[in-house]
>>> print(open('data_2.pdb').read())   # PDB, C-alpha atoms
ATOM      1  CA  MET A   1      21.859  81.151 117.416
ATOM      2  CA  LYS A   2      22.106  77.625 116.091
ATOM      3  CA  SER A   3      18.862  76.617 117.804
ATOM      4  CA  LEU A   4      17.152  79.730 116.394
ATOM      5  CA  LEU A   5      18.224  78.828 112.854
ATOM      6  CA  GLN A   6      16.989  75.283 113.347
ATOM      7  CA  THR A   7      13.641  76.609 114.578
ATOM      8  CA  LEU A   8      13.270  78.949 111.591
ATOM      9  CA  ASP A   9      14.219  76.162 109.183
ATOM     10  CA  ALA A  10      11.690  73.819 110.746
ATOM     11  CA  SER A  11       9.007  76.527 110.589
ATOM     12  CA  SER A  12       9.670  77.250 106.903
ATOM     13  CA  SER A  13       9.629  73.530 106.103
ATOM     14  CA  GLU A  14       6.314  73.146 107.916
ATOM     15  CA  SER A  15       4.815  76.142 106.024
ATOM     16  CA  ALA A  16       5.964  74.709 102.700
ATOM     17  CA  ALA A  17       4.459  71.357 103.613
ATOM     18  CA  ARG A  18       1.134  73.001 104.503
ATOM     19  CA  ALA A  19       1.141  74.945 101.224
ATOM     20  CA  LYS A  20       1.898  71.774  99.309
ATOM     21  CA  ALA A  21      -0.896  69.955 101.126
ATOM     22  CA  ARG A  22      -3.377  72.730 100.284
ATOM     23  CA  THR A  23      -2.480  73.131  96.630
ATOM     24  CA  GLY A  24      -0.989  69.775  95.789
ATOM     25  CA  ARG A  25       2.283  71.395  94.655
ATOM     26  CA  PRO A  26       5.015  73.516  96.252
ATOM     27  CA  GLY A  27       4.675  77.177  95.285
ATOM     28  CA  GLY A  28       0.942  77.498  95.867
ATOM     29  CA  LEU A  29      -1.548  79.370  93.737
ATOM     30  CA  PRO A  30       0.801  81.271  91.356
ATOM     31  CA  LEU A  31       2.437  78.061  90.198
ATOM     32  CA  ASN A  32      -0.949  76.400  89.745
ATOM     33  CA  LEU A  33      -2.156  79.344  87.658
ATOM     34  CA  LEU A  34       0.919  79.194  85.463
ATOM     35  CA  GLU A  35       0.474  75.453  85.110
ATOM     36  CA  TRP A  36      -3.199  75.912  84.133
ATOM     37  CA  PHE A  37      -2.423  78.536  81.481
ATOM     38  CA  GLY A  38       0.431  76.430  80.151
ATOM     39  CA  GLY A  39      -1.851  73.408  80.000
ATOM     40  CA  ILE A  40      -4.605  75.202  78.136
ATOM     41  CA  GLY A  41      -2.047  76.684  75.733
ATOM     42  CA  GLU A  42      -0.714  73.226  74.942
ATOM     43  CA  PHE A  43      -4.304  71.983  74.668
ATOM     44  CA  CYS A  44      -5.111  74.680  72.061
ATOM     45  CA  VAL A  45      -2.037  73.776  70.014
ATOM     46  CA  ARG A  46      -3.016  70.103  69.963
ATOM     47  CA  LEU A  47      -6.589  71.078  69.106
ATOM     48  CA  LEU A  48      -5.531  73.192  66.109
ATOM     49  CA  LYS A  49      -3.233  70.466  64.815
ATOM     50  CA  ALA A  50      -6.003  67.878  65.095
ATOM     51  CA  ALA A  51      -8.630  70.131  63.515
ATOM     52  CA  LEU A  52      -6.510  70.776  60.413
ATOM     53  CA  ARG A  53      -5.743  67.123  59.737
ATOM     54  CA  PRO A  54      -8.131  64.625  58.135
ATOM     55  CA  PRO A  55     -10.316  62.751  58.765
ATOM     56  CA  TYR A  56     -12.903  65.461  59.347
ATOM     57  CA  GLU A  57     -15.773  64.404  61.594
ATOM     58  CA  PHE A  58     -18.660  66.161  59.789
ATOM     59  CA  LYS A  59     -21.337  63.847  61.191
ATOM     60  CA  GLU A  60     -20.234  64.496  64.759
ATOM     61  CA  LEU A  61     -19.947  68.209  63.992
ATOM     62  CA  LEU A  62     -23.560  68.341  62.809
ATOM     63  CA  ARG A  63     -24.681  66.507  65.930
ATOM     64  CA  GLN A  64     -22.842  68.980  68.142
ATOM     65  CA  MET A  65     -24.246  71.946  66.198
ATOM     66  CA  ASP A  66     -27.733  70.616  66.911
ATOM     67  CA  GLU A  67     -26.800  70.141  70.576
ATOM     68  CA  VAL A  68     -25.360  73.635  70.930
ATOM     69  CA  GLY A  69     -27.669  75.550  68.597
ATOM     70  CA  ALA A  70     -31.134  74.019  68.346
ATOM     71  CA  LYS A  71     -31.323  72.847  71.956
ATOM     72  CA  SER A  72     -30.099  76.197  73.301
ATOM     73  CA  LEU A  73     -32.507  78.186  71.130
ATOM     74  CA  PRO A  74     -35.520  78.333  73.526
ATOM     75  CA  LEU A  75     -33.391  79.433  76.479
ATOM     76  CA  VAL A  76     -31.540  82.058  74.437
ATOM     77  CA  ALA A  77     -34.790  83.383  72.943
ATOM     78  CA  LEU A  78     -36.327  83.669  76.418
ATOM     79  CA  ALA A  79     -33.262  85.465  77.783
ATOM     80  CA  GLY A  80     -33.235  87.893  74.849
ATOM     81  CA  ALA A  81     -36.952  88.578  75.254
ATOM     82  CA  ALA A  82     -36.509  89.288  78.959
ATOM     83  CA  ILE A  83     -33.633  91.697  78.282
ATOM     84  CA  GLY A  84     -35.781  93.588  75.749
ATOM     85  CA  VAL A  85     -38.561  94.084  78.305
ATOM     86  CA  VAL A  86     -36.121  95.127  81.047
ATOM     87  CA  LEU A  87     -34.407  97.670  78.791
ATOM     88  CA  SER A  88     -37.745  99.156  77.767
ATOM     89  CA  LEU A  89     -38.991  99.447  81.359
ATOM     90  CA  HIS A  90     -35.798 100.918  82.761
ATOM     91  CA  LEU A  91     -34.910 103.276  79.941
ATOM     92  CA  ARG A  92     -38.396 104.766  79.581
ATOM     93  CA  ASP A  93     -38.275 106.570  82.944
ATOM     94  CA  SER A  94     -34.680 107.672  82.433
ATOM     95  CA  MET A  95     -35.345 109.052  78.960
ATOM     96  CA  ALA A  96     -38.546 110.787  80.134
ATOM     97  CA  GLN A  97     -36.542 112.734  82.727
ATOM     98  CA  PHE A  98     -34.489 114.276  79.922
ATOM     99  CA  GLY A  99     -37.402 114.721  77.522
ATOM    100  CA  ALA A 100     -35.942 112.233  75.066
ATOM    101  CA  LYS A 101     -38.593 109.493  74.941
ATOM    102  CA  SER A 102     -38.521 109.658  71.134
ATOM    103  CA  MET A 103     -35.014 108.146  71.278
ATOM    104  CA  LEU A 104     -36.177 105.119  73.260
ATOM    105  CA  PRO A 105     -36.530 102.721  70.267
ATOM    106  CA  GLU A 106     -33.081 103.653  69.011
ATOM    107  CA  LEU A 107     -31.527 103.166  72.433
ATOM    108  CA  ILE A 108     -33.199  99.788  72.961
ATOM    109  CA  ILE A 109     -32.160  98.429  69.573
ATOM    110  CA  LEU A 110     -28.590  99.727  69.734
ATOM    111  CA  SER A 111     -28.158  98.391  73.268
ATOM    112  CA  LEU A 112     -29.312  94.955  72.169
ATOM    113  CA  LEU A 113     -27.283  94.851  68.969
ATOM    114  CA  LYS A 114     -24.025  96.193  70.343
ATOM    115  CA  GLU A 115     -23.741  94.636  73.788
ATOM    116  CA  SER A 116     -26.728  93.168  75.621
ATOM    117  CA  GLY A 117     -27.611  90.532  73.026
ATOM    118  CA  PRO A 118     -24.097  89.118  72.486
ATOM    119  CA  ILE A 119     -23.047  88.982  76.135
ATOM    120  CA  ILE A 120     -26.338  87.542  77.418
ATOM    121  CA  THR A 121     -26.265  84.871  74.701
ATOM    122  CA  ALA A 122     -22.681  83.953  75.540
ATOM    123  CA  LEU A 123     -23.402  83.675  79.273
ATOM    124  CA  VAL A 124     -26.537  81.584  78.733
ATOM    125  CA  VAL A 125     -24.709  79.218  76.378
ATOM    126  CA  SER A 126     -21.770  79.110  78.777
ATOM    127  CA  GLY A 127     -24.065  77.943  81.558
ATOM    128  CA  ARG A 128     -25.841  75.316  79.489
ATOM    129  CA  VAL A 129     -23.264  74.078  76.979
ATOM    130  CA  GLY A 130     -20.121  74.631  79.052
ATOM    131  CA  ALA A 131     -21.505  72.559  81.902
ATOM    132  CA  GLY A 132     -22.689  69.859  79.498
ATOM    133  CA  ILE A 133     -19.334  69.568  77.741
ATOM    134  CA  GLY A 134     -17.416  69.529  81.018
ATOM    135  CA  ALA A 135     -19.641  66.844  82.514
ATOM    136  CA  GLU A 136     -19.743  64.708  79.365
ATOM    137  CA  LEU A 137     -16.015  64.681  78.702
ATOM    138  CA  GLY A 138     -15.276  64.463  82.416
ATOM    139  CA  SER A 139     -17.344  61.294  82.758
ATOM    140  CA  MET A 140     -15.661  59.861  79.661
ATOM    141  CA  LYS A 141     -12.264  60.659  81.162
ATOM    142  CA  VAL A 142     -12.828  59.094  84.578
ATOM    143  CA  THR A 143     -14.395  55.975  83.046
ATOM    144  CA  GLU A 144     -11.422  55.672  80.629
ATOM    145  CA  GLN A 145     -13.607  55.956  77.533
ATOM    146  CA  ILE A 146     -11.192  58.526  76.077
ATOM    147  CA  ASP A 147      -8.328  56.050  76.530
ATOM    148  CA  ALA A 148     -10.430  53.453  74.709
ATOM    149  CA  ILE A 149     -10.984  55.905  71.831
ATOM    150  CA  GLU A 150      -7.226  56.465  71.568
ATOM    151  CA  ALA A 151      -6.651  52.712  71.632
ATOM    152  CA  SER A 152      -9.029  52.429  68.663
ATOM    153  CA  ALA A 153      -6.681  54.681  66.626
ATOM    154  CA  VAL A 154      -9.119  57.642  66.792
ATOM    155  CA  ASN A 155      -7.724  61.025  67.775
ATOM    156  CA  PRO A 156      -9.923  62.293  70.645
ATOM    157  CA  TYR A 157      -8.893  65.875  69.921
ATOM    158  CA  ASN A 158     -10.333  65.481  66.428
ATOM    159  CA  PHE A 159     -13.479  63.564  67.292
ATOM    160  CA  LEU A 160     -14.379  64.965  70.719
ATOM    161  CA  VAL A 161     -12.778  68.381  71.059
ATOM    162  CA  ALA A 162     -12.586  69.979  67.598
ATOM    163  CA  THR A 163     -16.231  69.223  66.802
ATOM    164  CA  ARG A 164     -17.499  70.757  70.043
ATOM    165  CA  VAL A 165     -15.325  73.872  69.837
ATOM    166  CA  LEU A 166     -16.236  74.474  66.182
ATOM    167  CA  ALA A 167     -19.938  73.931  66.899
ATOM    168  CA  CYS A 168     -19.842  76.527  69.689
ATOM    169  CA  ALA A 169     -18.012  79.051  67.491
ATOM    170  CA  LEU A 170     -20.451  78.583  64.587
ATOM    171  CA  MET A 171     -23.668  78.608  66.602
ATOM    172  CA  LEU A 172     -23.044  81.600  68.867
ATOM    173  CA  PRO A 173     -23.536  84.266  66.138
ATOM    174  CA  LEU A 174     -26.802  82.654  65.008
ATOM    175  CA  LEU A 175     -28.089  82.416  68.555
ATOM    176  CA  THR A 176     -27.109  86.049  69.112
ATOM    177  CA  ILE A 177     -29.214  87.155  66.153
ATOM    178  CA  VAL A 178     -32.189  85.252  67.590
ATOM    179  CA  ALA A 179     -31.685  86.901  70.991
ATOM    180  CA  ASP A 180     -31.489  90.345  69.342
ATOM    181  CA  MET A 181     -34.705  89.767  67.401
ATOM    182  CA  CYS A 182     -36.605  88.517  70.445
ATOM    183  CA  GLY A 183     -35.348  91.454  72.505
ATOM    184  CA  ILE A 184     -36.394  93.979  69.870
ATOM    185  CA  ILE A 185     -39.898  92.491  69.575
ATOM    186  CA  THR A 186     -40.509  92.335  73.325
ATOM    187  CA  GLY A 187     -39.009  95.806  73.723
ATOM    188  CA  TRP A 188     -41.559  97.078  71.221
ATOM    189  CA  ILE A 189     -44.394  95.239  72.999
ATOM    190  CA  ALA A 190     -43.419  96.679  76.400
ATOM    191  CA  ASN A 191     -43.177 100.138  74.866
ATOM    192  CA  ALA A 192     -46.473  99.809  72.950
ATOM    193  CA  LEU A 193     -48.383  98.843  76.093
ATOM    194  CA  THR A 194     -47.558 102.249  77.561
ATOM    195  CA  GLU A 195     -47.450 104.356  74.397
ATOM    196  CA  PRO A 196     -49.109 102.756  71.346
ATOM    197  CA  MET A 197     -46.684 102.519  68.441
ATOM    198  CA  SER A 198     -46.604 100.272  65.391
ATOM    199  CA  LEU A 199     -43.754  97.818  64.969
ATOM    200  CA  ASN A 200     -42.865  99.454  61.651
ATOM    201  CA  LEU A 201     -42.496 102.869  63.276
ATOM    202  CA  PHE A 202     -40.542 101.373  66.184
ATOM    203  CA  LEU A 203     -38.077  99.734  63.798
ATOM    204  CA  ASN A 204     -37.756 102.847  61.633
ATOM    205  CA  LEU A 205     -36.951 104.995  64.654
ATOM    206  CA  GLY A 206     -34.643 102.402  66.181
ATOM    207  CA  LEU A 207     -32.697 101.579  63.032
ATOM    208  CA  LYS A 208     -32.401 105.174  61.865
ATOM    209  CA  GLU A 209     -28.860 105.534  63.208
ATOM    210  CA  ALA A 210     -27.920 101.844  63.233
ATOM    211  CA  GLY A 211     -25.882 100.191  60.490
ATOM    212  CA  PHE A 212     -23.820  97.127  59.732
ATOM    213  CA  SER A 213     -20.941  98.655  61.677
ATOM    214  CA  ASP A 214     -23.118  98.230  64.778
ATOM    215  CA  LEU A 215     -24.455  94.751  64.005
ATOM    216  CA  LEU A 216     -21.610  92.917  62.286
ATOM    217  CA  PRO A 217     -18.642  93.388  64.684
ATOM    218  CA  SER A 218     -20.769  92.832  67.784
ATOM    219  CA  THR A 219     -22.266  89.646  66.348
ATOM    220  CA  LEU A 220     -18.997  88.267  65.013
ATOM    221  CA  LYS A 221     -17.240  88.739  68.348
ATOM    222  CA  THR A 222     -19.438  85.924  69.651
ATOM    223  CA  VAL A 223     -17.332  83.568  67.509
ATOM    224  CA  VAL A 224     -14.541  84.263  69.999
ATOM    225  CA  PHE A 225     -16.958  83.712  72.881
ATOM    226  CA  GLY A 226     -17.967  80.354  71.403
ATOM    227  CA  PHE A 227     -14.334  79.350  70.991
ATOM    228  CA  ILE A 228     -13.639  80.229  74.630
ATOM    229  CA  ILE A 229     -16.662  78.279  75.892
ATOM    230  CA  GLY A 230     -15.789  75.210  73.815
ATOM    231  CA  VAL A 231     -12.089  75.188  74.669
ATOM    232  CA  ILE A 232     -12.530  75.680  78.410
ATOM    233  CA  GLY A 233     -15.377  73.159  78.619
ATOM    234  CA  CYS A 234     -13.345  70.514  76.766
ATOM    235  CA  PHE A 235     -10.132  71.281  78.656
ATOM    236  CA  GLN A 236     -11.743  71.052  82.078
ATOM    237  CA  GLY A 237     -13.579  67.889  81.105
ATOM    238  CA  MET A 238     -10.527  66.091  79.708
ATOM    239  CA  ARG A 239      -8.417  66.809  82.797
ATOM    240  CA  ALA A 240     -11.083  65.563  85.228
ATOM    241  CA  LYS A 241     -10.040  62.967  87.779
ATOM    242  CA  GLY A 242     -11.344  61.561  91.021
ATOM    243  CA  GLY A 243     -14.509  59.752  89.991
ATOM    244  CA  THR A 244     -17.947  61.342  90.125
ATOM    245  CA  ALA A 245     -16.722  64.144  92.384
ATOM    246  CA  GLY A 246     -14.156  65.044  89.734
ATOM    247  CA  VAL A 247     -16.876  65.164  87.076
ATOM    248  CA  GLY A 248     -18.838  67.607  89.219
ATOM    249  CA  ARG A 249     -15.770  69.778  89.735
ATOM    250  CA  ALA A 250     -15.024  69.742  86.000
ATOM    251  CA  SER A 251     -18.578  70.811  85.155
ATOM    252  CA  THR A 252     -18.631  73.607  87.734
ATOM    253  CA  SER A 253     -15.183  74.939  86.839
ATOM    254  CA  ALA A 254     -16.060  74.866  83.127
ATOM    255  CA  VAL A 255     -19.061  77.155  83.691
ATOM    256  CA  VAL A 256     -17.268  79.520  86.054
ATOM    257  CA  LEU A 257     -14.087  79.863  84.000
ATOM    258  CA  ALA A 258     -15.891  80.125  80.664
ATOM    259  CA  SER A 259     -18.176  82.898  81.987
ATOM    260  CA  LEU A 260     -15.222  84.745  83.494
ATOM    261  CA  PHE A 261     -13.104  84.595  80.342
ATOM    262  CA  VAL A 262     -16.082  85.573  78.161
ATOM    263  CA  ILE A 263     -16.497  88.765  80.208
ATOM    264  CA  LEU A 264     -12.764  89.508  80.087
ATOM    265  CA  ALA A 265     -12.672  88.853  76.339
ATOM    266  CA  ASP A 266     -15.642  91.170  75.877
ATOM    267  CA  VAL A 267     -13.688  94.046  77.436
ATOM    268  CA  VAL A 268     -10.818  93.525  74.978
ATOM    269  CA  LEU A 269     -13.066  93.013  71.945
ATOM    270  CA  VAL A 270     -15.151  96.120  72.660
ATOM    271  CA  ARG A 271     -11.953  98.167  72.753
ATOM    272  CA  LEU A 272     -10.852  96.656  69.414
ATOM    273  CA  ILE A 273     -14.274  97.269  67.844
ATOM    274  CA  ILE A 274     -14.241 100.918  68.931
ATOM    275  CA  THR A 275     -10.737 101.264  67.464
ATOM    276  CA  PHE A 276     -11.369  99.612  64.095
ATOM    277  CA  PHE A 277     -15.040 100.562  63.644
ATOM    278  CA  PRO A 278     -15.281 104.162  64.859
ATOM    279  CA  GLN A 279     -18.674 105.809  64.836
TER     280      GLN A 279
END
>>> encode(input="data_2.pdb", output="structure tokens")
Amino acid sequence: MKSLLQTLDASSSESAARAKARTGRPGGLPLNLLEWFGGIGEFCVRLLKAALRPPYEFKELLRQMDEVGAKSLPLVALAGAAIGVVLSLHLRDSMAQFGAKSMLPELIILSLLKESGPIITALVVSGRVGAGIGAELGSMKVTEQIDAIEASAVNPYNFLVATRVLACALMLPLLTIVADMCGIITGWIANALTEPMSLNLFLNLGLKEAGFSDLLPSTLKTVVFGFIIGVIGCFQGMRAKGGTAGVGRASTSAVVLASLFVILADVVLVRLIITFFPQ
């Protein structure tokens, strides 16, 4: 019996050692998840404290708004245009089966305004801006540039983090509007190639049942998406370690996690919009 207990104890110790070697900490994945959520919660608290205290970095904020907004504009416009064409091509056959082709403009426009435009914009910006923020701050972290900023009596959460998060939150709604407009125009073009229709008639039919209760909540929810993209990109970048390999991991994880949390946040926000803005 004593030898059996010693064998079991040795086996459990070996399993714990293997788990620690795989995850870096005893307890495995659950503990790492709790540690990650705790870390990002603490990161958000420090970010809010830094953002509310002067000095305010308006020059850096404008530079980041240009980086997030103007430089993402062509990609977002192209993605919105492609979604408009795809919706028109797919929905035409489906609506024709039910004899409801006259509702096609309305369905295209409402689909873009309420869901397709915001989520596609958020995912495109997550891929471009999230990766850029993660790589930029990650390289600054591993080369100790962030430590040098702190040594210069500059709060990195104010200068580096708050400006990027605020720029993402401010630019996402504007980029969403651009994506919606491009999608509507290309949806009309794809529809007009098959069944000639003026843009004025297309808009009149499409906007007949649409109102600000369809446009405003769906566009403003992208502020939350922008906040998520900025926070996760900055958090993953500022905890990077391990040289250039760590920078690559920070960039990849920033894109993956930001896209995942944007989709999860969309589920919650859609439920809230339906509750507070009933049709």
>>> residues_around(input="data_2.pdb", residues="Ser198 in chain A", least_positions_apart="4", cutoff="10 Å", atoms="all atoms listed in the file", output="ChimeraX atom specification")
/A:188-189,192,202-204
>>> closest_residue(input="data_2.pdb", among="A:Met238, A:Ile83, A:Val68, A:Ile149", to="Ser116 in chain A", atoms="all atoms listed in the file")
A:Ile83
>>> closest_residue(input="data_2.pdb", among="A:Ile185, A:Ile274, A:Leu199, A:Ala162", to="Leu52 in chain A", atoms="all atoms listed in the file")
A:Ala162
>>> atom_distance(input="data_2.pdb", atom1="CA of Ile177 in chain A", atom2="CA of Glu195 in chain A")
26.4 Å
>>> resolve_selection(input="data_2.pdb", expression="the PyMOL selection byres ((chain A and resi 40-47) around 9)", output="PDB file with C-alpha atoms, keeping the file's coordinate frame")
ATOM      1  CA  GLU A  35       0.474  75.453  85.110  1.00  0.00           C
ATOM      2  CA  TRP A  36      -3.199  75.912  84.133  1.00  0.00           C
ATOM      3  CA  PHE A  37      -2.423  78.536  81.481  1.00  0.00           C
ATOM      4  CA  GLY A  38       0.431  76.430  80.151  1.00  0.00           C
ATOM      5  CA  GLY A  39      -1.851  73.408  80.000  1.00  0.00           C
ATOM      6  CA  LEU A  48      -5.531  73.192  66.109  1.00  0.00           C
ATOM      7  CA  LYS A  49      -3.233  70.466  64.815  1.00  0.00           C
ATOM      8  CA  ALA A  50      -6.003  67.878  65.095  1.00  0.00           C
ATOM      9  CA  ALA A  51      -8.630  70.131  63.515  1.00  0.00           C
ATOM     10  CA  LEU A  52      -6.510  70.776  60.413  1.00  0.00           C
ATOM     11  CA  TYR A 157      -8.893  65.875  69.921  1.00  0.00           C
ATOM     12  CA  ASN A 158     -10.333  65.481  66.428  1.00  0.00           C
ATOM     13  CA  VAL A 161     -12.778  68.381  71.059  1.00  0.00           C
ATOM     14  CA  ALA A 162     -12.586  69.979  67.598  1.00  0.00           C
ATOM     15  CA  VAL A 231     -12.089  75.188  74.669  1.00  0.00           C
ATOM     16  CA  ILE A 232     -12.530  75.680  78.410  1.00  0.00           C
ATOM     17  CA  PHE A 235     -10.132  71.281  78.656  1.00  0.00           C
TER      18      PHE A 235
END
>>> residues_around(input="data_2.pdb", residues="range 266-269 of chain A", least_positions_apart="5", cutoff="10 Å", atoms="all atoms listed in the file", output="ChimeraX atom specification")
/A:115,118-119,217-218,221-222,224-225,260-261,274-275
>>> resolve_selection(input="data_2.pdb", expression="the PyMOL selection byres ((chain A and resi 56) around 12)", output="list in words")
Ala50, Ala51, Leu52, Arg53, Pro54, Pro55, Glu57, Phe58, Lys59, Glu60, Leu61, Leu62, Val154, Asn155, Tyr157, Asn158, Phe159, Leu160, Ala162, Thr163 and Leu166 of chain A
>>> atom_distance(input="data_2.pdb", atom1="CA of Leu193 in chain A", atom2="CA of Arg92 in chain A")
12.1 Å
>>> closest_residue(input="data_2.pdb", among="A:Gly248, A:Thr194, A:Lys71, A:Gly242", to="Asp93 in chain A", atoms="only C-alpha atoms")
A:Thr194
>>> atom_distance(input="data_2.pdb", atom1="CA of Met197 in chain A", atom2="CA of Thr121 in chain A")
27.7 Å
>>> closest_residue(input="data_2.pdb", among="A:Asn191, A:Ser88, A:Pro74, A:Val129", to="Thr252 in chain A", atoms="only C-alpha atoms")
A:Val129
>>> residues_around(input="data_2.pdb", residues="Gly132 in chain A", least_positions_apart="2", cutoff="12 Å", atoms="all atoms listed in the file", output="ChimeraX atom specification")
/A:64,67-68,71-72,125-130,134-139,164,229-230,232-234,236-237,247-248,250-255
>>> residues_around(input="data_2.pdb", residues="Thr186 in chain A", least_positions_apart="5", cutoff="6 Å", atoms="all atoms listed in the file", output="PyMOL selection string")
chain A and resi 81+84-85
